[in-house]
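**Q** Hey, dropping query-v1.pdb in here, PDB, C-alpha atoms:
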ATOM      1  CA  MET B 153      44.133 -38.598 -48.835
ATOM      2  CA  ASN B 154      40.646 -37.231 -49.352
ATOM      3  CA  TYR B 155      37.987 -39.327 -51.125
ATOM      4  CA  SER B 156      34.540 -38.384 -52.386
ATOM      5  CA  TYR B 157      31.874 -41.092 -52.291
ATOM      6  CA  GLN B 158      28.336 -41.896 -53.340
ATOM      7  CA  GLY B 159      26.264 -44.663 -51.816
ATOM      8  CA  LEU B 160      23.184 -45.798 -49.911
ATOM      9  CA  PHE B 161      22.491 -45.189 -46.226
ATOM     10  CA  GLN B 162      19.320 -46.709 -44.768
ATOM     11  CA  GLY B 163      17.913 -47.041 -48.286
ATOM     12  CA  LYS B 164      18.549 -43.399 -49.237
ATOM     13  CA  GLN B 165      21.121 -41.869 -51.605
ATOM     14  CA  THR B 166      23.996 -40.174 -49.836
ATOM     15  CA  ASN B 167      27.299 -38.577 -50.787
ATOM     16  CA  GLY B 168      30.180 -36.789 -49.143
ATOM     17  CA  SER B 169      33.912 -36.942 -48.544
ATOM     18  CA  ILE B 170      36.167 -38.847 -46.158
ATOM     19  CA  GLU B 171      39.821 -38.682 -45.090
ATOM     20  CA  ALA B 172      41.806 -41.944 -45.216
ATOM     21  CA  SER B 173      45.341 -43.185 -45.863
ATOM     22  CA  ASP B 174      44.260 -45.352 -48.850
ATOM     23  CA  ARG B 175      41.224 -46.598 -50.769
ATOM     24  CA  ASN B 176      40.700 -49.785 -48.706
ATOM     25  CA  THR B 177      40.792 -47.833 -45.442
ATOM     26  CA  ALA B 178      38.216 -45.396 -46.818
ATOM     27  CA  LEU B 179      35.918 -48.291 -47.798
ATOM     28  CA  GLY B 180      36.324 -49.818 -44.332
ATOM     29  CA  LEU B 181      35.461 -46.535 -42.583
ATOM     30  CA  LEU B 182      32.355 -46.073 -44.717
ATOM     31  CA  GLN B 183      31.226 -49.660 -44.073
ATOM     32  CA  ARG B 184      31.485 -49.017 -40.308
ATOM     33  CA  GLN B 185      29.048 -46.131 -40.849
ATOM     34  CA  ASN B 186      26.655 -48.586 -42.574
ATOM     35  CA  ILE B 187      27.097 -46.879 -45.957
ATOM     36  CA  ILE B 188      26.888 -49.103 -49.063
ATOM     37  CA  VAL B 189      29.422 -47.511 -51.414
ATOM     38  CA  THR B 190      28.523 -47.268 -55.109
ATOM     39  CA  LEU B 191      31.269 -44.820 -56.153
ATOM     40  CA  LEU B 192      34.561 -43.872 -54.500
ATOM     41  CA  LYS B 193      37.177 -41.628 -56.085
ATOM     42  CA  THR B 194      40.115 -39.494 -55.050
ATOM     43  CA  LYS B 195      39.252 -35.886 -54.318
ATOM     44  CA  LYS B 196      42.371 -33.855 -55.105
ATOM     45  CA  ALA B 197      43.189 -31.074 -52.641
ATOM     46  CA  ALA B 198      39.580 -30.978 -51.526
ATOM     47  CA  VAL B 199      40.217 -29.324 -48.213
ATOM     48  CA  ASP B 200      43.433 -27.473 -48.917
ATOM     49  CA  SER B 201      41.708 -25.642 -51.786
ATOM     50  CA  GLU B 202      39.543 -23.958 -49.154
ATOM     51  CA  ILE B 203      42.641 -22.151 -47.843
ATOM     52  CA  GLN B 204      43.493 -19.177 -50.043
ATOM     53  CA  THR B 205      47.065 -18.959 -51.303
ATOM     54  CA  PHE B 206      49.134 -16.436 -53.249
ATOM     55  CA  MET B 207      52.156 -17.634 -55.239
ATOM     56  CA  GLY B 208      52.156 -20.850 -53.204
ATOM     57  CA  MET B 209      52.039 -19.022 -49.851
ATOM     58  CA  GLN B 210      49.115 -19.360 -47.475
ATOM     59  CA  LEU B 211      47.074 -16.233 -46.843
ATOM     60  CA  GLY B 212      46.049 -15.826 -43.231
ATOM     61  CA  SER B 213      47.400 -17.249 -39.996
ATOM     62  CA  ASP B 214      46.819 -20.753 -38.621
ATOM     63  CA  LYS B 215      46.277 -19.218 -35.182
ATOM     64  CA  ILE B 216      42.812 -19.841 -33.730
ATOM     65  CA  LYS B 217      41.616 -16.728 -31.900
ATOM     66  CA  GLU B 218      39.704 -17.003 -28.627
ATOM     67  CA  ASN B 219      36.622 -15.399 -30.189
ATOM     68  CA  ASP B 220      36.782 -17.939 -33.052
ATOM     69  CA  VAL B 221      36.863 -20.763 -30.486
ATOM     70  CA  LEU B 222      33.809 -19.293 -28.724
ATOM     71  CA  VAL B 223      31.773 -18.935 -31.945
ATOM     72  CA  TRP B 224      32.854 -22.420 -33.135
ATOM     73  CA  THR B 225      31.923 -23.994 -29.787
ATOM     74  CA  ARG B 226      28.543 -22.256 -29.715
ATOM     75  CA  LYS B 227      27.708 -23.477 -33.250
ATOM     76  CA  LEU B 228      28.777 -27.013 -32.389
ATOM     77  CA  GLN B 229      26.727 -26.955 -29.176
ATOM     78  CA  THR B 230      23.629 -25.799 -31.091
ATOM     79  CA  MET B 231      23.987 -28.603 -33.650
ATOM     80  CA  LEU B 232      24.558 -31.299 -30.993
ATOM     81  CA  LYS B 233      21.579 -29.963 -29.015
ATOM     82  CA  SER B 234      19.499 -30.578 -32.157
ATOM     83  CA  ASN B 235      20.542 -34.275 -31.940
ATOM     84  CA  LEU B 236      23.039 -34.154 -34.801
ATOM     85  CA  PRO B 237      25.923 -36.672 -34.436
ATOM     86  CA  VAL B 238      29.354 -35.162 -33.673
ATOM     87  CA  MET B 239      30.738 -36.290 -37.044
ATOM     88  CA  GLU B 240      27.931 -34.606 -38.996
ATOM     89  CA  ALA B 241      28.196 -31.436 -36.891
ATOM     90  CA  LEU B 242      31.954 -31.209 -37.544
ATOM     91  CA  THR B 243      31.440 -31.866 -41.263
ATOM     92  CA  ILE B 244      28.983 -28.950 -41.437
ATOM     93  CA  SER B 245      31.382 -26.814 -39.380
ATOM     94  CA  ARG B 246      34.217 -27.626 -41.782
ATOM     95  CA  LYS B 247      32.169 -26.441 -44.755
ATOM     96  CA  GLN B 248      31.377 -23.164 -42.936
ATOM     97  CA  ALA B 249      34.962 -22.491 -41.762
ATOM     98  CA  LYS B 250      36.651 -19.484 -43.380
ATOM     99  CA  THR B 251      40.000 -19.023 -41.597
ATOM    100  CA  PRO B 252      42.960 -21.419 -42.137
ATOM    101  CA  GLY B 253      43.087 -22.263 -38.424
ATOM    102  CA  LEU B 254      39.444 -23.379 -38.232
ATOM    103  CA  ILE B 255      39.651 -25.207 -41.574
ATOM    104  CA  LYS B 256      42.623 -27.251 -40.357
ATOM    105  CA  LEU B 257      40.997 -27.807 -36.944
ATOM    106  CA  ASN B 258      37.793 -29.232 -38.414
ATOM    107  CA  ARG B 259      39.698 -31.314 -40.968
ATOM    108  CA  SER B 260      41.877 -32.830 -38.228
ATOM    109  CA  LEU B 261      38.895 -33.577 -35.945
ATOM    110  CA  VAL B 262      36.921 -35.265 -38.740
ATOM    111  CA  GLU B 263      39.965 -37.362 -39.657
ATOM    112  CA  ASP B 264      40.540 -38.357 -36.004
ATOM    113  CA  LEU B 265      36.900 -39.376 -35.550
ATOM    114  CA  ASN B 266      37.112 -41.461 -38.723
ATOM    115  CA  ASN B 267      40.182 -43.170 -37.237
ATOM    116  CA  GLY B 268      38.336 -43.987 -34.008
ATOM    117  CA  LEU B 269      39.759 -41.275 -31.728
ATOM    118  CA  ALA B 270      37.571 -39.440 -29.219
ATOM    119  CA  PHE B 271      36.605 -35.815 -29.845
ATOM    120  CA  SER B 272      38.558 -34.658 -26.766
ATOM    121  CA  GLU B 273      41.695 -36.489 -27.956
ATOM    122  CA  GLY B 274      41.479 -34.645 -31.274
ATOM    123  CA  LEU B 275      41.290 -31.288 -29.473
ATOM    124  CA  LYS B 276      44.505 -32.053 -27.553
ATOM    125  CA  LYS B 277      46.419 -31.601 -30.830
ATOM    126  CA  PHE B 278      45.598 -27.861 -30.697
ATOM    127  CA  PRO B 279      46.871 -26.735 -27.251
ATOM    128  CA  LYS B 280      47.143 -23.076 -28.291
ATOM    129  CA  GLY B 281      43.418 -22.900 -29.023
ATOM    130  CA  PHE B 282      42.111 -25.378 -26.436
ATOM    131  CA  ASP B 283      43.652 -25.472 -22.958
ATOM    132  CA  ASP B 284      43.500 -28.376 -20.475
ATOM    133  CA  SER B 285      40.348 -26.980 -18.904
ATOM    134  CA  TYR B 286      38.485 -26.963 -22.242
ATOM    135  CA  VAL B 287      39.666 -30.447 -23.248
ATOM    136  CA  ASN B 288      38.834 -32.027 -19.901
ATOM    137  CA  MET B 289      35.374 -30.445 -19.779
ATOM    138  CA  VAL B 290      34.759 -31.952 -23.231
ATOM    139  CA  ARG B 291      36.016 -35.297 -21.891
ATOM    140  CA  ALA B 292      33.604 -34.941 -18.977
ATOM    141  CA  GLY B 293      30.767 -34.340 -21.449
ATOM    142  CA  GLU B 294      31.750 -37.455 -23.409
ATOM    143  CA  SER B 295      31.924 -39.550 -20.218
ATOM    144  CA  SER B 296      28.466 -38.455 -19.071
ATOM    145  CA  GLY B 297      26.814 -38.452 -22.507
ATOM    146  CA  THR B 298      25.957 -34.753 -22.183
ATOM    147  CA  LEU B 299      28.508 -33.189 -24.540
ATOM    148  CA  ALA B 300      26.116 -30.475 -25.772
ATOM    149  CA  LYS B 301      25.410 -29.436 -22.180
ATOM    150  CA  PHE B 302      29.113 -29.154 -21.361
ATOM    151  CA  LEU B 303      29.843 -27.200 -24.546
ATOM    152  CA  GLY B 304      27.157 -24.754 -23.460
ATOM    153  CA  LYS B 305      28.830 -24.419 -20.035
ATOM    154  CA  ILE B 306      32.203 -23.868 -21.737
ATOM    155  CA  CYS B 307      30.666 -21.039 -23.782
ATOM    156  CA  GLU B 308      29.253 -19.448 -20.616
ATOM    157  CA  LEU B 309      32.654 -19.599 -18.918
ATOM    158  CA  MET B 310      34.406 -18.141 -21.973
ATOM    159  CA  GLU B 311      31.879 -15.294 -22.222
ATOM    160  CA  LYS B 312      32.246 -14.499 -18.506
ATOM    161  CA  LYS B 313      36.031 -14.603 -18.813
ATOM    162  CA  ALA B 314      35.962 -12.236 -21.807
ATOM    163  CA  LYS B 315      33.680  -9.835 -19.890
ATOM    164  CA  ILE B 316      35.924  -9.889 -16.803
ATOM    165  CA  ILE B 317      39.036  -9.223 -18.916
ATOM    166  CA  LYS B 318      37.261  -6.361 -20.695
ATOM    167  CA  ASP B 319      36.165  -4.848 -17.365
ATOM    168  CA  ILE B 320      39.663  -5.189 -15.888
ATOM    169  CA  LYS B 321      41.235  -3.551 -18.944
ATOM    170  CA  GLY B 322      38.729  -0.715 -18.732
ATOM    171  CA  ALA B 323      39.367  -0.225 -15.013
ATOM    172  CA  LEU B 324      43.160  -0.339 -15.350
ATOM    173  CA  SER B 325      43.593   1.728 -18.526
ATOM    174  CA  TYR B 326      43.488   5.141 -16.782
ATOM    175  CA  PRO B 327      45.832   4.170 -13.888
ATOM    176  CA  ILE B 328      48.264   2.590 -16.373
ATOM    177  CA  ILE B 329      48.338   5.786 -18.462
ATOM    178  CA  LEU B 330      48.984   7.868 -15.335
ATOM    179  CA  LEU B 331      51.679   5.458 -14.131
ATOM    180  CA  THR B 332      53.379   5.459 -17.554
ATOM    181  CA  VAL B 333      53.426   9.271 -17.675
ATOM    182  CA  ALA B 334      54.698   9.452 -14.081
ATOM    183  CA  LEU B 335      57.500   6.965 -14.767
ATOM    184  CA  GLY B 336      58.427   8.810 -17.957
ATOM    185  CA  VAL B 337      58.624  12.173 -16.154
ATOM    186  CA  THR B 338      60.580  10.609 -13.283
ATOM    187  CA  GLY B 339      63.032   9.022 -15.727
ATOM    188  CA  VAL B 340      63.609  12.321 -17.541
ATOM    189  CA  MET B 341      64.188  14.147 -14.245
ATOM    190  CA  LEU B 342      66.643  11.511 -13.022
ATOM    191  CA  VAL B 343      68.621  11.512 -16.257
ATOM    192  CA  LYS B 344      68.453  15.234 -17.207
ATOM    193  CA  VAL B 345      67.559  17.358 -14.140
ATOM    194  CA  VAL B 346      69.285  15.612 -11.206
ATOM    195  CA  PRO B 347      72.788  15.851 -12.791
ATOM    196  CA  VAL B 348      72.394  19.662 -12.949
ATOM    197  CA  PHE B 349      71.613  19.837  -9.219
ATOM    198  CA  GLN B 350      74.407  17.339  -8.564
ATOM    199  CA  GLU B 351      76.942  19.751 -10.113
ATOM    200  CA  ILE B 352      75.546  22.665  -8.086
ATOM    201  CA  TYR B 353      75.773  20.728  -4.789
ATOM    202  CA  GLY B 354      79.227  19.456  -5.762
ATOM    203  CA  SER B 355      80.546  22.991  -6.358
ATOM    204  CA  MET B 356      79.306  24.002  -2.891
ATOM    205  CA  GLY B 357      81.473  21.329  -1.267
ATOM    206  CA  VAL B 358      78.837  20.186   1.257
ATOM    207  CA  GLY B 359      77.633  16.687   2.057
ATOM    208  CA  LEU B 360      74.238  15.588   0.762
ATOM    209  CA  PRO B 361      71.407  14.265   2.962
ATOM    210  CA  GLY B 362      70.830  10.504   2.764
ATOM    211  CA  SER B 363      67.623  10.693   0.714
ATOM    212  CA  THR B 364      69.165  13.156  -1.774
ATOM    213  CA  GLN B 365      72.275  10.991  -2.127
ATOM    214  CA  THR B 366      70.045   7.987  -2.889
ATOM    215  CA  ILE B 367      68.367   9.890  -5.735
ATOM    216  CA  VAL B 368      71.790  10.922  -7.072
ATOM    217  CA  ASN B 369      72.972   7.293  -6.962
ATOM    218  CA  ILE B 370      69.888   6.150  -8.891
ATOM    219  CA  SER B 371      70.520   8.892 -11.462
ATOM    220  CA  GLU B 372      74.140   7.781 -11.911
ATOM    221  CA  PHE B 373      73.049   4.169 -12.287
ATOM    222  CA  LEU B 374      70.524   5.039 -15.022
ATOM    223  CA  ARG B 375      73.072   7.164 -16.897
ATOM    224  CA  ASP B 376      75.668   4.381 -16.895
ATOM    225  CA  PRO B 377      75.013   2.129 -19.962
ATOM    226  CA  SER B 378      77.171  -0.728 -18.617
ATOM    227  CA  ARG B 379      75.223  -0.907 -15.336
ATOM    228  CA  GLY B 380      71.903  -0.759 -17.180
ATOM    229  CA  GLY B 381      73.001  -3.585 -19.477
ATOM    230  CA  VAL B 382      74.022  -5.728 -16.509
ATOM    231  CA  MET B 383      70.653  -5.073 -14.844
ATOM    232  CA  VAL B 384      68.696  -6.062 -17.967
ATOM    233  CA  LEU B 385      70.838  -9.189 -18.376
ATOM    234  CA  LEU B 386      70.280 -10.093 -14.718
ATOM    235  CA  ILE B 387      66.487  -9.719 -15.042
ATOM    236  CA  ILE B 388      66.440 -11.867 -18.215
ATOM    237  CA  THR B 389      68.576 -14.525 -16.499
ATOM    238  CA  ILE B 390      66.301 -14.643 -13.453
ATOM    239  CA  ILE B 391      63.126 -14.924 -15.574
ATOM    240  CA  GLY B 392      64.735 -17.586 -17.803
ATOM    241  CA  SER B 393      65.910 -19.608 -14.792
ATOM    242  CA  ILE B 394      62.474 -19.516 -13.151
ATOM    243  CA  SER B 395      60.822 -20.567 -16.422
ATOM    244  CA  PHE B 396      63.309 -23.443 -16.867
ATOM    245  CA  LEU B 397      62.829 -24.658 -13.276
ATOM    246  CA  VAL B 398      59.033 -24.538 -13.519
ATOM    247  CA  LYS B 399      59.094 -26.630 -16.708
ATOM    248  CA  ARG B 400      61.600 -29.199 -15.408
ATOM    249  CA  SER B 401      60.943 -29.380 -11.668
ATOM    250  CA  TYR B 402      57.649 -30.541 -10.149
ATOM    251  CA  LYS B 403      58.519 -28.918  -6.801
ATOM    252  CA  ALA B 404      59.292 -25.565  -8.455
ATOM    253  CA  LYS B 405      56.017 -25.672 -10.372
ATOM    254  CA  LYS B 406      54.122 -26.517  -7.187
ATOM    255  CA  LEU B 407      55.810 -23.623  -5.355
ATOM    256  CA  LEU B 408      54.862 -21.212  -8.177
ATOM    257  CA  HIS B 409      51.239 -22.404  -8.071
ATOM    258  CA  ALA B 410      51.192 -21.893  -4.300
ATOM    259  CA  LEU B 411      52.578 -18.359  -4.669
ATOM    260  CA  ILE B 412      49.938 -17.513  -7.304
ATOM    261  CA  LEU B 413      47.197 -18.378  -4.813
ATOM    262  CA  GLN B 414      48.821 -16.059  -2.238
ATOM    263  CA  ILE B 415      48.884 -12.945  -4.464
ATOM    264  CA  PRO B 416      46.733 -10.201  -2.862
ATOM    265  CA  VAL B 417      43.391  -9.597  -4.636
ATOM    266  CA  PHE B 418      44.210 -11.863  -7.627
ATOM    267  CA  GLY B 419      44.934 -14.981  -5.538
ATOM    268  CA  PRO B 420      41.383 -15.228  -4.101
ATOM    269  CA  LEU B 421      39.963 -14.592  -7.602
ATOM    270  CA  VAL B 422      42.006 -17.497  -8.998
ATOM    271  CA  ILE B 423      40.833 -19.764  -6.158
ATOM    272  CA  LYS B 424      37.168 -18.819  -6.729
ATOM    273  CA  SER B 425      37.551 -19.424 -10.467
ATOM    274  CA  ILE B 426      38.982 -22.908  -9.810
ATOM    275  CA  TYR B 427      36.192 -23.751  -7.345
ATOM    276  CA  ALA B 428      33.559 -22.550  -9.813
ATOM    277  CA  LYS B 429      34.890 -24.799 -12.607
ATOM    278  CA  LEU B 430      35.240 -27.797 -10.285
ATOM    279  CA  SER B 431      31.721 -27.362  -8.916
ATOM    280  CA  LEU B 432      30.279 -26.930 -12.410
ATOM    281  CA  VAL B 433      31.901 -30.079 -13.810
ATOM    282  CA  LEU B 434      31.267 -32.149 -10.678
ATOM    283  CA  ALA B 435      27.587 -31.156 -10.522
ATOM    284  CA  ASN B 436      26.956 -32.039 -14.170
ATOM    285  CA  LEU B 437      28.793 -35.371 -13.911
ATOM    286  CA  LEU B 438      26.953 -36.434 -10.760
ATOM    287  CA  SER B 439      23.580 -35.403 -12.196
ATOM    288  CA  SER B 440      24.390 -37.565 -15.259
ATOM    289  CA  GLY B 441      24.901 -40.654 -13.103
ATOM    290  CA  VAL B 442      28.731 -40.757 -13.081
ATOM    291  CA  SER B 443      30.161 -42.261  -9.867
ATOM    292  CA  ILE B 444      31.634 -39.855  -7.297
ATOM    293  CA  ILE B 445      35.189 -41.263  -7.637
ATOM    294  CA  GLU B 446      35.218 -41.065 -11.450
ATOM    295  CA  ALA B 447      33.621 -37.608 -11.284
ATOM    296  CA  LEU B 448      36.364 -36.385  -8.931
ATOM    297  CA  GLU B 449      39.082 -37.841 -11.192
ATOM    298  CA  ILE B 450      37.654 -36.066 -14.251
ATOM    299  CA  SER B 451      37.058 -32.823 -12.321
ATOM    300  CA  SER B 452      40.656 -32.744 -11.059
ATOM    301  CA  ARG B 453      41.893 -32.428 -14.662
ATOM    302  CA  VAL B 454      39.847 -29.266 -15.239
ATOM    303  CA  THR B 455      42.439 -27.191 -13.346
ATOM    304  CA  THR B 456      46.197 -27.070 -13.892
ATOM    305  CA  ASN B 457      46.928 -25.972 -10.314
ATOM    306  CA  ILE B 458      49.000 -28.732  -8.694
ATOM    307  CA  LEU B 459      47.845 -27.969  -5.131
ATOM    308  CA  VAL B 460      44.182 -28.386  -6.052
ATOM    309  CA  ARG B 461      44.888 -31.550  -8.058
ATOM    310  CA  GLU B 462      46.773 -33.114  -5.148
ATOM    311  CA  SER B 463      43.934 -32.189  -2.765
ATOM    312  CA  LEU B 464      41.376 -33.879  -5.039
ATOM    313  CA  THR B 465      43.627 -36.945  -5.322
ATOM    314  CA  ARG B 466      43.697 -37.199  -1.504
ATOM    315  CA  ILE B 467      39.892 -36.904  -1.404
TER     316      ILE B 467
END
Hey, can you dump this file as structure tokens for me?

**A**
Amino acid sequence: MNYSYQGLFQGKQTNGSIEASDRNTALGLLQRQNIIVTLLKTKKAAVDSEIQTFMGMQLGSDKIKENDVLVWTRKLQTMLKSNLPVMEALTISRKQAKTPGLIKLNRSLVEDLNNGLAFSEGLKKFPKGFDDSYVNMVRAGESSGTLAKFLGKICELMEKKAKIIKDIKGALSYPIILLTVALGVTGVMLVKVVPVFQEIYGSMGVGLPGSTQTIVNISEFLRDPSRGGVMVLLIITIIGSISFLVKRSYKAKKLLHALILQIPVFGPLVIKSIYAKLSLVLANLLSSGVSIIEALEISSRVTTNILVRESLTRI
């Protein structure tokens, strides 16, 4: 439930709201914050009223977009850099939130902090918006007492990532268009044109060269619905099996991670990205006085690649 309160904090009047399971819990949480409560009452649908509804249905998606995460992180970093406590920064962020996803995120984080959970633990409840790398960099910031600094680094990484993706999309858009047109033309020729030539060659009663026969076979395969259906089913089965194995088998997941690092061009980029994150986190932890062993343990959780994690464990 949500409660609104009035009271005294360090001799000054204060008011606000707090999430708690019952009235006594709310009083206990406020006492831990050194607030002398003078008035405490139930605040009906205080947070949910911020989410717009129509005929009982929520307007807008709960999904937290990557750009929303970046803007939210940057605001939070600015407030923490100004020496605001995390709880106060999240309370301000909750009041400023407009989308359902961010409203629910801030509400959940404030509630978790009131219940004694760490900020990073609260973020783990939103895996679609905050991946392991984000959560563990926040945990590193909490461990070293430099959360604002790490949030700033997270923003830099997110901005660089967005720029790289934008550049890659721009570079690949023209080749993709050309490839799509080429495949479309090739498909039309195989389905519509090749059969005409096949009839002509067949009426002549002569054998076809190997390369020509291969093209004819591909054309026949594409024009046969049953074969096409089997092919699609086979591809879906293979993808589903690989996905199932990766989720259930540690060895399969490790093999996939090893193959990713071996992909031409992209493999070295992935490796450099992992090294950059590890170096960033490790440097900030060590400069904050965290021991080398603890720093390595925290840094190893920044990446999801099993090979790198095992290597850091051996170190």

**Q** Could you state the separation of atom CA of Ile467 of chain B and atom CA of Leu437 of chain B in Å, given to one decimal place?

**A**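 Atom CA of Ile467 of chain B sits 16.8 Å away from atom CA of Leu437 of chain B.
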
**Q** Would you kindly translate the PyMOL selection byres ((chain B and resi 296-300) around 7) into the concrete residues it picks from this file, as a list in words?

**A**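 So the PyMOL selection byres ((chain B and resi 296-300) around 7), applied here, picks out Gln229, Leu232, Lys233, Val290, Ala292, Gly293, Glu294, Ser295, Lys301, Phe302, Leu303, Gly304, Leu437, Ser440 and Val442 of chain B.
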
**Q** Quick one: of B:Met310, B:Leu191, B:Leu434, B:Leu407, who's nearest to Leu464 of chain B, counting all atoms listed in the file?

**A**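 For Leu464 of chain B, the nearest of the given residues is B:Leu434.
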
**Q** Which one is closest to Leu275 of chain B: B:Ile458, B:Val221, B:Ile320, B:Met231? Count all atoms listed in the file.

**A**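 Residue with the minimum atom-to-atom distance to Leu275 of chain B: B:Val221.
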
**Q** May I have the residues within 12 Å of Glu462 of chain B as a list in words, using all atoms listed in the file and disregarding those fewer than 3 positions away in the same chain?

**A** Lys406, His409, Leu448, Glu449, Ser452, Arg453, Thr455, Thr456, Asn457, Ile458, Leu459, Thr465, Arg466 and Ile467 of chain B

**Q** To one decimal place in Å, what is the distance between atom CA of Ala334 of chain B and atom CA of Gly354 of chain B?

**A**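 Between these atoms lies a distance of 27.8 Å.
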
**Q** Work out how far atom CA of Val346 of chain B is from atom CA of Ser371 of chain B, in Å to one decimal.

**A**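 Between these atoms lies a distance of 6.8 Å.
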